[in-house]
Every structure is written in structure tokens, then in C-alpha cells.
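First the structure, in the form of C-alpha cells, and then the observations on it.
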Amino acid sequence: MSVLAVDWSGRATGERRHLWTAEAHDGVLLRLEAGRTRDEVVDDLIARSHDAEGIVVGFDFSFSLPEWFLRERGYAGARDLWDAAATDGETWLRDCAPPFWGRPGRGRPDLPAHLRRTEAAVAVVGGVRPKSSFQVGGAGSVGTGSIRGFPALARLQDAGFAIWPFDAPAAPPVAVEIWPRTFTGPVVKSNAAARAAHLDLHLPHLDRAGRDAAVGSEDAFDAAISAVVMSRHEAALRALPALEEPGARTEGSVWSPATVATSAG
């Protein structure tokens, strides 16, 4: 099965340099590359959706927003949110009106919840925890990538991909939400020497080109590690279960081997 991890980019410009795709099989990195736009990456995934052995792709952006926001906007589910982002997302980003925040003069507002249930439940790694997708500006903001990622999920779903856990149980072709920290652990990812040491310890057989790319870019590092770790759990990715947790079918769920094992009992 083809297992890919996409370190997504919500940048308005320069996305080709920062959007990295990694592919792995049986714990071995097969390719690691940048140079494509968001639309081009989705085009490539759709073209591969009929791969004989199946395809699973992990994206590192939020697949939804807190349930209260969907109710407030009248969205019946995540698909309504994705479709709304395709038409209104750039306005949300430009205006940065509450509940969105982070642009100059737009401080953090009081909200019913800043995080989805799945983000609040993710284990803290090295003192780092997921950030709110309502934050669309400032250091470490993830909201812009999510808002520009929602339409990609709609395109993939229309092309036959299951988007887990909204479409569940799910089998390939399928897209899952990932948080790379789950796979990298508490490494100081902003430090090239720390990235190199982590790769040498955990991926000692990585080829020279892949190692150089992952050492040279935090985005490439996240994609490479995520793809390799995901590929080691191919059996779990082939048969993703329906989740019973409150909000899972509305807010989504961050995939990890531990999450699926816990949900499956």
C-alpha cells in the first residue's frame, strides 16, 4: 500500500518550497519532495486513487473546527464547513473576525472552546500541544493551513477518497489527519543538528538525498518521519474503524496508532 504524509502549507506565496510530500513502505522512505502547489498535490493524489494496493495519505492540518462553530454557522457537518471554506475561506483569513484571531490588532477572543475534543485529548509531547485552528496569524499559527486545506478534503472526497473519521469505517483510498509531533517525539525540530541526530538514530538506513532534505528543512523532516511511522502501521490504516467518541463525526480525530488501538478497545 502507498502510505504518504503531506506537510501542508497554507502560505499565500512560496508554498512550493514549504509543502513536502513523503512516501514510505514497510518503514522505508521511498521519496521525499517539494515543488508542488496545494492543488497540484491534490491532483497527484487523485490520479493515484486507483492504485491497485490502495493509498493512504496523512495531512498535518485540522480536518474540522470545534462543533460549536459548525452549529453556530448552521453547518450540518464537516463537509458543509469544507464547502464554505472554498467560497468564504479567504474572507475569513482576510478579515480575521472572531472567532479567528492572530493578525495585528486581533487578539485571542473568549470562545466556548478554542480546541476540538481530539486536539485537547492529544498527549503533550515535550511540552508542545496542538494549537487552535482559529489562530490564523502569529508564531506557530495553524489556522491558515487548515482553512486552505478544507477545500482539498472536499476534492478528495468527491474523487472517491474516504476522509476519516467522517467516512467510517474507512478503507483506502483514505485521508487521515495527523500531528507530526506524535511521530517525531520531543526532538527540537527547529535545530538542524537535532534533526540530523534524530534521523541517524531512528532512520539509520535513510538514503543520502532523503537525509539531506530532512536535515535541511523542518517541513521535510516532519513529512519523512510521519510517512515512515505511518507505514509501519499499514494494517491499522487499511481498516480504520468508526469512532464512538462524542464529536468525532463532526470535529474529526487526529490519527495515531495509539488512538486507533484505544478506540478499537
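As shown in the C-alpha cells, the chain order sets the letters A, B, ...; within each chain, residues go from 1, and ligands are also counted from 1 in the order they appear.
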**Request:** Select from range 12-157 of chain A everything DSSP, run on the backbone, classes as strand (DSSP E or B), then give the selection as a list in words.
**Result:** Trp20, Thr21, Ala22, Glu23, Ala24, His25, Val28, Leu29, Leu30, Arg31, Leu32, Glu33, Ile55, Val56, Val57, Gly58, Phe59, Trp101, Val125, Val128 and Gln135 of chain A
**Asked** Skipping near chain neighbours, those fewer than 6 positions away, what residues fall within 10 Å of His198 in chain A using only C-alpha atoms, listed as a list in words?
**Response**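 Non-adjacent residues within range: Thr184, Gly185, Val187, Val188, Lys189, Ala192, Pro204, Val215, Phe221 and Ile225 of chain A.
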Would you save the residues of that selection, restricted to N, CA and C atoms, as a PDB file, in the first residue's frame?
ATOM      1  N   THR A 184       7.384  12.238  15.793  1.00  0.00           N
ATOM      2  CA  THR A 184       8.777  12.668  15.964  1.00  0.00           C
ATOM      3  C   THR A 184       9.228  12.614  17.414  1.00  0.00           C
ATOM      4  N   GLY A 185       8.280  12.744  18.344  1.00  0.00           N
ATOM      5  CA  GLY A 185       8.662  12.848  19.736  1.00  0.00           C
ATOM      6  C   GLY A 185       9.217  14.237  20.051  1.00  0.00           C
ATOM      7  N   VAL A 187      11.892  15.927  19.875  1.00  0.00           N
ATOM      8  CA  VAL A 187      13.076  16.478  19.245  1.00  0.00           C
ATOM      9  C   VAL A 187      12.900  17.985  19.020  1.00  0.00           C
ATOM     10  N   VAL A 188      13.980  18.747  19.109  1.00  0.00           N
ATOM     11  CA  VAL A 188      13.930  20.182  18.807  1.00  0.00           C
ATOM     12  C   VAL A 188      13.981  20.316  17.289  1.00  0.00           C
ATOM     13  N   LYS A 189      12.819  20.353  16.675  1.00  0.00           N
ATOM     14  CA  LYS A 189      12.750  20.266  15.215  1.00  0.00           C
ATOM     15  C   LYS A 189      13.308  21.495  14.513  1.00  0.00           C
ATOM     16  N   ALA A 192      18.748  22.068  13.101  1.00  0.00           N
ATOM     17  CA  ALA A 192      19.180  21.114  12.073  1.00  0.00           C
ATOM     18  C   ALA A 192      20.019  19.991  12.666  1.00  0.00           C
ATOM     19  N   PRO A 204      18.307   5.069  10.440  1.00  0.00           N
ATOM     20  CA  PRO A 204      19.730   4.971  10.095  1.00  0.00           C
ATOM     21  C   PRO A 204      19.993   4.549   8.657  1.00  0.00           C
ATOM     22  N   VAL A 215      17.199  16.943   6.933  1.00  0.00           N
ATOM     23  CA  VAL A 215      18.039  17.751   7.808  1.00  0.00           C
ATOM     24  C   VAL A 215      17.911  19.227   7.446  1.00  0.00           C
ATOM     25  N   PHE A 221      11.418  17.204   7.245  1.00  0.00           N
ATOM     26  CA  PHE A 221      11.640  16.310   8.377  1.00  0.00           C
ATOM     27  C   PHE A 221      10.310  15.741   8.870  1.00  0.00           C
ATOM     28  N   ILE A 225       9.418  11.646   8.615  1.00  0.00           N
ATOM     29  CA  ILE A 225       9.194  10.854   9.818  1.00  0.00           C
ATOM     30  C   ILE A 225       7.759  10.348   9.863  1.00  0.00           C
TER      31      ILE A 225
END
Select from range 135-229 of chain A every residue with an atom at most 8 Å from any atom of range 18-28 of chain A, then for each give the shortest pair of atoms and their distance in Å to one decimal, using only C-alpha atoms, rows by chain and rising number, as a tab-separated table.
residue	atom	partner	partner_atom	distance
A:Leu206	CA	A:Val28	CA	7.6
A:Asp219	CA	A:His18	CA	6.3
A:Ala220	CA	A:Trp20	CA	5.6
A:Ala223	CA	A:Ala22	CA	5.4
A:Ala224	CA	A:Ala22	CA	5.3
A:Ala227	CA	A:Ala24	CA	5.6
A:Val228	CA	A:Gly27	CA	4.8
A:Val229	CA	A:Gly27	CA	6.5
**Request:** Rank nothing, just name the residue among A:Ala97, A:Ala152, A:Ala236, A:Leu81 nearest to Leu45 in chain A, using only C-alpha atoms.
**Result:**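 Among A:Ala97, A:Ala152, A:Ala236, A:Leu81, it is A:Ala152 that comes nearest to Leu45 in chain A.
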Any idea what's packed within 8 Å of Gly210 in chain A, counting only C-alpha atoms, ignoring anything in its chain fewer than 6 positions away? Could you give it as a CSV table (one decimal) with N, CA and C atoms, in the first residue's frame?
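The result, stored in selection14.csv:
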chain,number,residue,atom,x,y,z
A,29,LEU,N,11.6,4.9,3.6
A,29,LEU,CA,11.3,6.1,2.9
A,29,LEU,C,11.6,5.9,1.4
A,31,ARG,N,10.4,8.2,-1.2
A,31,ARG,CA,10.6,9.6,-1.8
A,31,ARG,C,10.2,10.7,-0.9
A,32,LEU,N,10.9,11.8,-1.1
A,32,LEU,CA,10.6,13.0,-0.3
A,32,LEU,C,10.9,14.2,-1.2
**Message:** Restricting the calculation to only C-alpha atoms: of A:Ser253, A:Ser146, A:Ser141, A:Ser226, which residue gets closest to Arg181 in chain A?
**Reply:** A:Ser226
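For Phe134 in chain A, the list of residues within 9 Å, based on only C-alpha atoms and with local chain neighbours fewer than 5 positions off taken out, reads Leu65, Pro98, Pro99, Phe100, Trp101, Gly102, His114, Leu115, Ser141, Val142, Gly143 and Thr144 of chain A.
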**Who sits within 8 Å of Phe166 in chain A, only C-alpha atoms, same chain under 5 positions skipped, as number ranges by chain** = A: 78, 248-250, 252
Store the residues of this selection in a file with C-alpha atoms, as an mmCIF file, in the first residue's frame.
data_model
loop_
_atom_site.group_PDB
_atom_site.id
_atom_site.type_symbol
_atom_site.label_atom_id
_atom_site.label_comp_id
_atom_site.auth_asym_id
_atom_site.auth_seq_id
_atom_site.Cartn_x
_atom_site.Cartn_y
_atom_site.Cartn_z
ATOM 1 C CA ALA A 78 -17.677 18.889 8.277
ATOM 2 C CA ALA A 248 -15.742 12.513 16.123
ATOM 3 C CA ARG A 249 -18.015 12.611 13.074
ATOM 4 C CA THR A 250 -18.261 16.423 13.312
ATOM 5 C CA GLY A 252 -12.733 14.808 13.292
#
**Prompt:** With only C-alpha atoms as the atoms that count, which of A:His205, A:Arg195, A:Arg94, A:Arg36 lies nearest to Asp7 in chain A?
**Reply:** A:Arg36
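Here CA of Asp207 in chain A stands at a distance of 27.6 Å from CA of Val125 in chain A.
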**Asked** Which residue out of A:Asp222, A:Asp43, A:Glu72, A:Glu251 has the minimum interatomic distance to Trp179 in chain A when only C-alpha atoms are used?
**Response** A:Asp222
**Request:** For Leu156 in chain A, please output as a PyMOL selection string all residues within 9 Å (counting only C-alpha atoms; exclusion window: fewer than 4 positions along the same chain).
**Result:** chain A and resi 42-43+45-46+151-152+160-163+174-175
Taking C-alpha atoms for each residue, export the selection above as a PDB file, in the first residue's frame.
ATOM      1  CA  VAL A  42      -4.268  17.007  -4.625  1.00  0.00           C
ATOM      2  CA  ASP A  43      -4.249  16.385  -8.393  1.00  0.00           C
ATOM      3  CA  LEU A  45      -3.298  12.053  -5.104  1.00  0.00           C
ATOM      4  CA  ILE A  46      -6.491  11.847  -7.147  1.00  0.00           C
ATOM      5  CA  PRO A 151     -11.366  22.525   0.076  1.00  0.00           C
ATOM      6  CA  ALA A 152      -8.706  19.890  -0.624  1.00  0.00           C
ATOM      7  CA  GLY A 160     -13.586   8.754  -4.080  1.00  0.00           C
ATOM      8  CA  PHE A 161     -11.319   9.161  -1.061  1.00  0.00           C
ATOM      9  CA  ALA A 162     -12.755   8.358   2.343  1.00  0.00           C
ATOM     10  CA  ILE A 163     -11.974  11.163   4.800  1.00  0.00           C
ATOM     11  CA  VAL A 174      -8.337   7.367   2.511  1.00  0.00           C
ATOM     12  CA  ALA A 175      -7.058  10.593   4.063  1.00  0.00           C
TER      13      ALA A 175
END
**Request:** Select from range 44-184 of chain A everything DSSP, run on the backbone, classes as alpha helix (DSSP H), then give the selection as a VMD selection string.
**Result:** chain A and resid 44 to 47 67 to 73 78 to 95 117 to 121 143 to 147 150 to 158 181 to 184
**Message:** Using Å and a single decimal, report how far CA of Ser190 in chain A sits from CA of Val128 in chain A.
**Reply:**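 Rounded to one decimal, the two atoms are 13.1 Å apart.
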